[in-house]
Every structure is written in C-alpha cells, then in structure tokens.
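Q: This is the structure, below, for whatever I ask next.
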Amino acid sequence: MERSAVFGGLQPNYLLYPSPNSSSLPFSDHRARLPNFSPPPSLSLKIHKQVSSCFKAVSPFKRGAAFSDTHSDTFELADIDWDDLGFAYVPTDYMYSMKCTKGGNFSKGELQRYGNIELNPSAGVLNYGQGLFEGLKAYRKEDGNLLLFRPEENAMRMIMGAERMCMPSPTIDQFVDAVKATVLANKRWVPPPGKGSLYIRPLLMGSGAVLGLAPAPEYTFLIYVSPVGNYFKEGVAPIHLIVEHELHRATPGGTGGVKTIGNYAAVLKAQSAAKARGFSDVLYLDCVHKKYLEEVSSCNIFVVKGNSISTPAIKGTILPGITRKSIIDVARSQGFQVEERLVTVDELLDADEVFCTGTAVVVSPVGSITYKGKRVSYGVEGFGAVSQQLYSVLTKLQMGLIEDKMNWTVELS
C-alpha cells in the first residue's frame with residue numbers, strides 16, 4: 001500500500017520495515033536480492049516526496065514521532081533521546097548472518113531479529129581468538145536518505161585480515177550488500193541529521209568447533225548496528241593522552257596491522273590504568289626502539305608542524321585506518337604536505353597541533369600529551385586550525401552536505 005506525505009517541509013523518503021516481532025527475512029538468492037532489499041509489500045509503507053492531505057504535517061525527527069494515515073499504518077523513529085547519544089551499545093531490530101565451511105564460499109545470507117547467538121564452547125573464536133571485526137557508519141541526510149562512507153574499503157580490509165588469520169571472507173560485493181541490507185532494515189535507528197550516526201559492526205569469526213590448534217571448520221559473518229554519538233566523553237573537545245612506554249600494542253611480524261579481536265583486548269590494561277588517572281586514552285610506541293609513535297588504542301595519530309602533517313607509516317604494526325586514509329587525501333587536497341614516516345616522541349612534543357582519526361572518533365583534537373611525567377599542551381580549547389579544517393571537510397562529505405568529488409559515499413533511500 002502506498003501513501004504520500006510531507007513532514008515539516010523536509011520531505012523525507014522513508015520505508016516502514018517489518019514488525020520487530022517477525023523472526024527473520026531469508027534470502028534464497030543473496031547476491032541477486034540484497035542490493036535492492038526492501039520489505040514485502042504487505043509489510044512496507046513507502047512515503048514519497050509529495051504532499052497529501054491524508055497525513056498530519058509533523059517533523060519526523062522528534063523523539064518517538066509517529067506518522068499515521070487514514071488506514072492507521074504508522075512509521076516512527078526509534079523512541080530514544082537523540083540529543084543524549086553516547087558511544088554505547090543500543091540494541092536495534094535486525095542483524096545479518098551468513099556462514100561458510102572451511103575452504104568454501106559464503107552464500108545465502110539472511111536478516112534475523114537482533115538477539116543472542118549460539119556458539120559451541122569449542123568454537124575457534126572462543127578458544128584461539130580466530131576473529132576479525134570492522135567498523136563503519138551510516139548517516140541520515142536532510143532529505144531522509146542514508147549515506148554509507150567507503151564501505152568497500154572495510155570489505156577489502158576484512159579480506160586482508162582474513163587472509164592473515166587463515167579465514168575465508170565474504171567478497172567485496174557480499175560485504176557491501178549485507179551492510180546495505182542491515183542498515184535499511186534498521187533505518188529507524190539512524191539518528192536525525194546532526195544527532196549522530198548508525199555505527200555498523202561487521203564480525204567474522206571461527207564459529208566451528210575445534211579442539212587442537214587449527215583453523216575452525218566453519219565461519220560466521222555477522223553484522224549488527226547501534227546508534228551512536230561521540231566516542232570520547234569530551235565530545236569534540238580536546239582529549240588528553242598519556243604515552244605508554246612499557247606495555248606495547250603490537251610487534252613486528254604480529255597482527256597489529258589487521259583488525260583482529262585480540263589486538264583490542266591487549267590494550268585494556270594500559271587503557272584502564274590511564275583512564276583511572278584521568279586521561280582519555282593511551283598512545284603507544286614501537287616495541288623495538290621505544291621512541292617512534294604507533295597509534296592510540298583505537299585510532300591513528302597525526303602531528304602538525306607548520307604546513308606539514310606527519311603520521312606513522314603503515315608497516316605491519318599499525319592498523320591502516322580508513323578515516324586515516326581519507327584524512328590524508330583530504331589534507332593533500334587542501335594544500336597540506338602529508339608525510340607517512342617514522343615520527344618520534346620528540347616531534348610529538350614539539351608539534352603545533354596533534355589529532356587522532358578513526359571511524360568511531362572521526363577527527364579528535366588532542367589537548368595534551370603526557371610522557372614520563374612531562375605534560376605538553378596544544379593550543380587553546382577546541383579544535384586547532386588544521387584539525388578543524390580537516391574535520392569540517394570530512395564530516396560534510398560523510399553527511400552529504402558538500403559535493404562528493406572523491407566518490408566515497410554510497411547513498412541508500
């Protein structure tokens with residue numbers, strides 16, 4: 001059934017998705033159907049960009065706002081406080097699941113009601129840490145359509161990580177199509193423009209049972225989503241880092257360059273100690289010379305001096321961040337000289353400005369660095385001039401506020 005409406009002059013294009021009480025939405029032909037995923041006609045209400053007297057004009061971006069036509073069909077955003085989103089788990093409606101056996105190919109993915117999953121106690125991911133994850137975001141535009149930011153980059157990074165961890169991986173098309181389907185099925189959880197984003201967490205894990213040390217016999221690809229605001233409690237205010245010179249995040253020849261789950265458990269001890277002392281997070285050094293910057297617990301680091309921006313080179317111990325890669329391209333397009341190289345602690349302490357990048361944090365200015373008891377502060381409150389400029393360009397691209405000349409965004413409607 002189709003109805004038309006206009007809400008508060010915003011004229012969004014929305015879909016009403018199946019009731020959260022329905023169990024699953026199987027796809028017999030994943031590759032053919034996922035790119036154009038939409039609910040069954042009997043369960044969907046497509047609201048076009050037209051004016052209709054059947055609807056009451058009301059802003060669709062109010063908390064729990066409901067829209068009804070004369071036949072009592074309704075659509076509403078999730079009933080949460082969009083002005084109070086942090087970076088915390090919020091359960092949504094649907095998740096996506098797809099499996100394959102060792103040496104096989106992924107196929108027949110499906111959307112399921114979000115909920116707990118079953119794993120054999122001898123699953124490879126539980127016993128030997130054979131698992132990877134990714135992180136990306138969806139944003140709501142002013143016209144109601146949604147934007148993904150460079151999802152194919154996440155797909156390629158998962159493929160690279162899977163090879164290192166002896167795991168099969170979904171193809172780029174399978175990954176991107178699954179992300180699209182999951183976002184559309186959870187569309188009501190995408191925050192209103194300027195209120196945050198929908199964080200998308202793809203997982204790849206050895207779900208098959210294995211006792212001896214070996215690759216698992218079965219693998220599960222899973223995607224769930226959660227609406228989020230700012231990663232750090234400071235919001236977009238400067239964060240305060242401490243340089244860790246005893247514990248290390250990664251070693252040469254290890255897995256520091258892929259997004260394997262064990263990399264993140266390894267930083268919890270130093271991070272917890274730092275937060276207990278009032279710091280926002282930890283900046284790690286290389287484990288050989290103990291003087292070159294690597295990365296923060298979950299984001300990359302950039303050092304600004306004059307018109308030059310430096311960031312540690314990717315050499316196997318540093319995650320190749322997609323936001324990092326994007327900021328490098330944006331900075332060069334803005335006339336900055338960007339160097340990927342070894343960066344010393346001394347350069348860090350002598351910098352004009354320091355900032356971090358990552359999917360979760362986007363661009364976060366660093367207000368101070370503490371190293372062996374010495375604290376160095378940067379600039380004044382808020383963003384430095386360079387990080388502010390780069391943050392502005394990148395976020396406008398991600399939210400569809402400026403022309404995407406890079407062809408980085410994927411629009412969903």
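Residues are referred to by chain and number: the chain letter is A, B, ... according to the order shown in the structure tokens, the number counts from 1 in that chain, and ligands are numbered separately from 1 in the order shown.
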Excluding range 165-168 of chain A and its own-chain neighbours fewer than 4 positions away, which residues fall within 7 Å of it when counting only C-alpha atoms? Please give them as a PyMOL selection string.

A: chain A and resi 130+161+215

Q: Hey, can you check how far CA of Val243 in chain A sits from CA of Val343 in chain A?

A: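 Separation between CA of Val243 in chain A and CA of Val343 in chain A: 13.5 Å.
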
Q: Please identify which residues in range 178-360 of chain A DSSP calls strand (DSSP E or B) from the backbone, and express them as a ChimeraX atom specification.

A: /A:197-206,209,218-228,239-244,260,281-285,292-296,299-305,308-312,337-341,344,353-358

Q: Sorted by chain and rising residue number, which residues of range 333-378 of chain A lie within 10 Å of range 217-234 of chain A, and what are their closest atom pairs and distances in Å to one decimal, counting only C-alpha atoms, as a Markdown table?

A:
| residue | atom | partner | partner_atom | distance |
| --- | --- | --- | --- | --- |
| A:Gly358 | CA | A:Tyr231 | CA | 9.9 |
| A:Thr359 | CA | A:Tyr231 | CA | 9.5 |
| A:Ala360 | CA | A:Tyr231 | CA | 5.8 |
| A:Val361 | CA | A:Tyr231 | CA | 5.4 |
| A:Val362 | CA | A:Tyr231 | CA | 8.8 |
| A:Ser364 | CA | A:Phe232 | CA | 8.6 |

Q: Would you output that residue set with N, CA and C atoms, as a PDB file, in the first residue's frame?

A:
ATOM      1  N   GLY A 358      39.694   8.093  13.326  1.00  0.00           N
ATOM      2  CA  GLY A 358      39.169   6.737  13.359  1.00  0.00           C
ATOM      3  C   GLY A 358      37.687   6.761  13.032  1.00  0.00           C
ATOM      4  N   THR A 359      37.128   5.611  12.706  1.00  0.00           N
ATOM      5  CA  THR A 359      35.701   5.551  12.400  1.00  0.00           C
ATOM      6  C   THR A 359      34.872   6.041  13.578  1.00  0.00           C
ATOM      7  N   ALA A 360      35.218   5.586  14.763  1.00  0.00           N
ATOM      8  CA  ALA A 360      34.446   5.962  15.949  1.00  0.00           C
ATOM      9  C   ALA A 360      34.654   7.428  16.311  1.00  0.00           C
ATOM     10  N   VAL A 361      35.911   7.878  16.323  1.00  0.00           N
ATOM     11  CA  VAL A 361      36.209   9.243  16.781  1.00  0.00           C
ATOM     12  C   VAL A 361      36.100  10.270  15.665  1.00  0.00           C
ATOM     13  N   VAL A 362      36.131   9.838  14.411  1.00  0.00           N
ATOM     14  CA  VAL A 362      36.201  10.693  13.214  1.00  0.00           C
ATOM     15  C   VAL A 362      37.511  11.487  13.269  1.00  0.00           C
ATOM     16  N   SER A 364      39.562  13.777  16.218  1.00  0.00           N
ATOM     17  CA  SER A 364      39.509  14.229  17.609  1.00  0.00           C
ATOM     18  C   SER A 364      40.768  15.021  17.948  1.00  0.00           C
TER      19      SER A 364
END

Q: Please measure the separation of CA of Pro91 in chain A and CA of Ser297 in chain A, giving the value in Å to one decimal.

A: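 Computing it gives 24.7 Å between the two atoms.
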
Q: Do you know which residues are at most 10 Å from His245 in chain A counting only C-alpha atoms, after dropping those on the same chain fewer than 3 positions away, and could you put them as a list in words?

A: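 Within the cut-off, the hits are Ile242, His248, Leu283, Tyr284, Leu285, Asp286, Cys287, Lys290, Lys291, Tyr371 and Lys372 of chain A.
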
Q: Using only C-alpha atoms for the distances, tell me which of A:Ser280, A:Asn307, A:Asn127, A:Thr255 is nearest to Gly367 in chain A.

A: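 With only C-alpha atoms as the atom set, the closest residue is A:Ser280.
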
Q: Restricting the calculation to only C-alpha atoms: of A:Ile117, A:Ala216, A:Ile322, A:Val296, which residue gets closest to Met156 in chain A?

A: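 When distances to Met156 in chain A are compared using only C-alpha atoms, the smallest one comes from A:Ile322.
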
Q: Would you kindly return, as an MDAnalysis selection string, each protein, DNA or RNA residue with an atom no farther than 9 Å from any atom of Glu134 in chain A, considering only C-alpha atoms and excluding same-chain residues fewer than 6 positions away?

A: chainID A and resid 154:155 157:158 200:204 259

Q: Nearest residue to Arg277 in chain A out of A:Lys137, A:Arg341, A:His240, A:Lys99, using only C-alpha atoms?

A: A:His240

Q: Using DSSP secondary structure from the backbone, list all alpha helix (DSSP H) positions within range 157-303 of chain A, as number ranges by chain.

A: A: 157-164, 172-185, 262-265, 268-276

Q: Taking only C-alpha atoms into account, which of A:Val125, A:Ala351, A:Val366, A:Leu211 comes nearest Asp281 in chain A?

A: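 Looking at the shortest contact to Asp281 in chain A, the residue is A:Val366.
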
Q: For the atom pair CA of Glu152 in chain A and CA of Leu77 in chain A, what is the interatomic distance in Å to one decimal place?

A: 27.8 Å

Q: Counting only C-alpha atoms, which residue out of A:Pro191, A:Gly262, A:Pro151, A:Gly256 sits closest to Glu295 in chain A?

A: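 Under the stated criterion, the closest residue is A:Gly256.
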
Q: Near Leu148 in chain A, within 8 Å and counting only C-alpha atoms, which residues show up once chain neighbours fewer than 2 positions away are dropped, as a PyMOL selection string?

A: chain A and resi 136-139+146+150-151+398+409-412

Q: Looking at only C-alpha atoms, which of A:Ser387, A:Ser207, A:Thr344, A:Thr260 is the one that sits closest to Ile309 in chain A?

A: A:Ser387
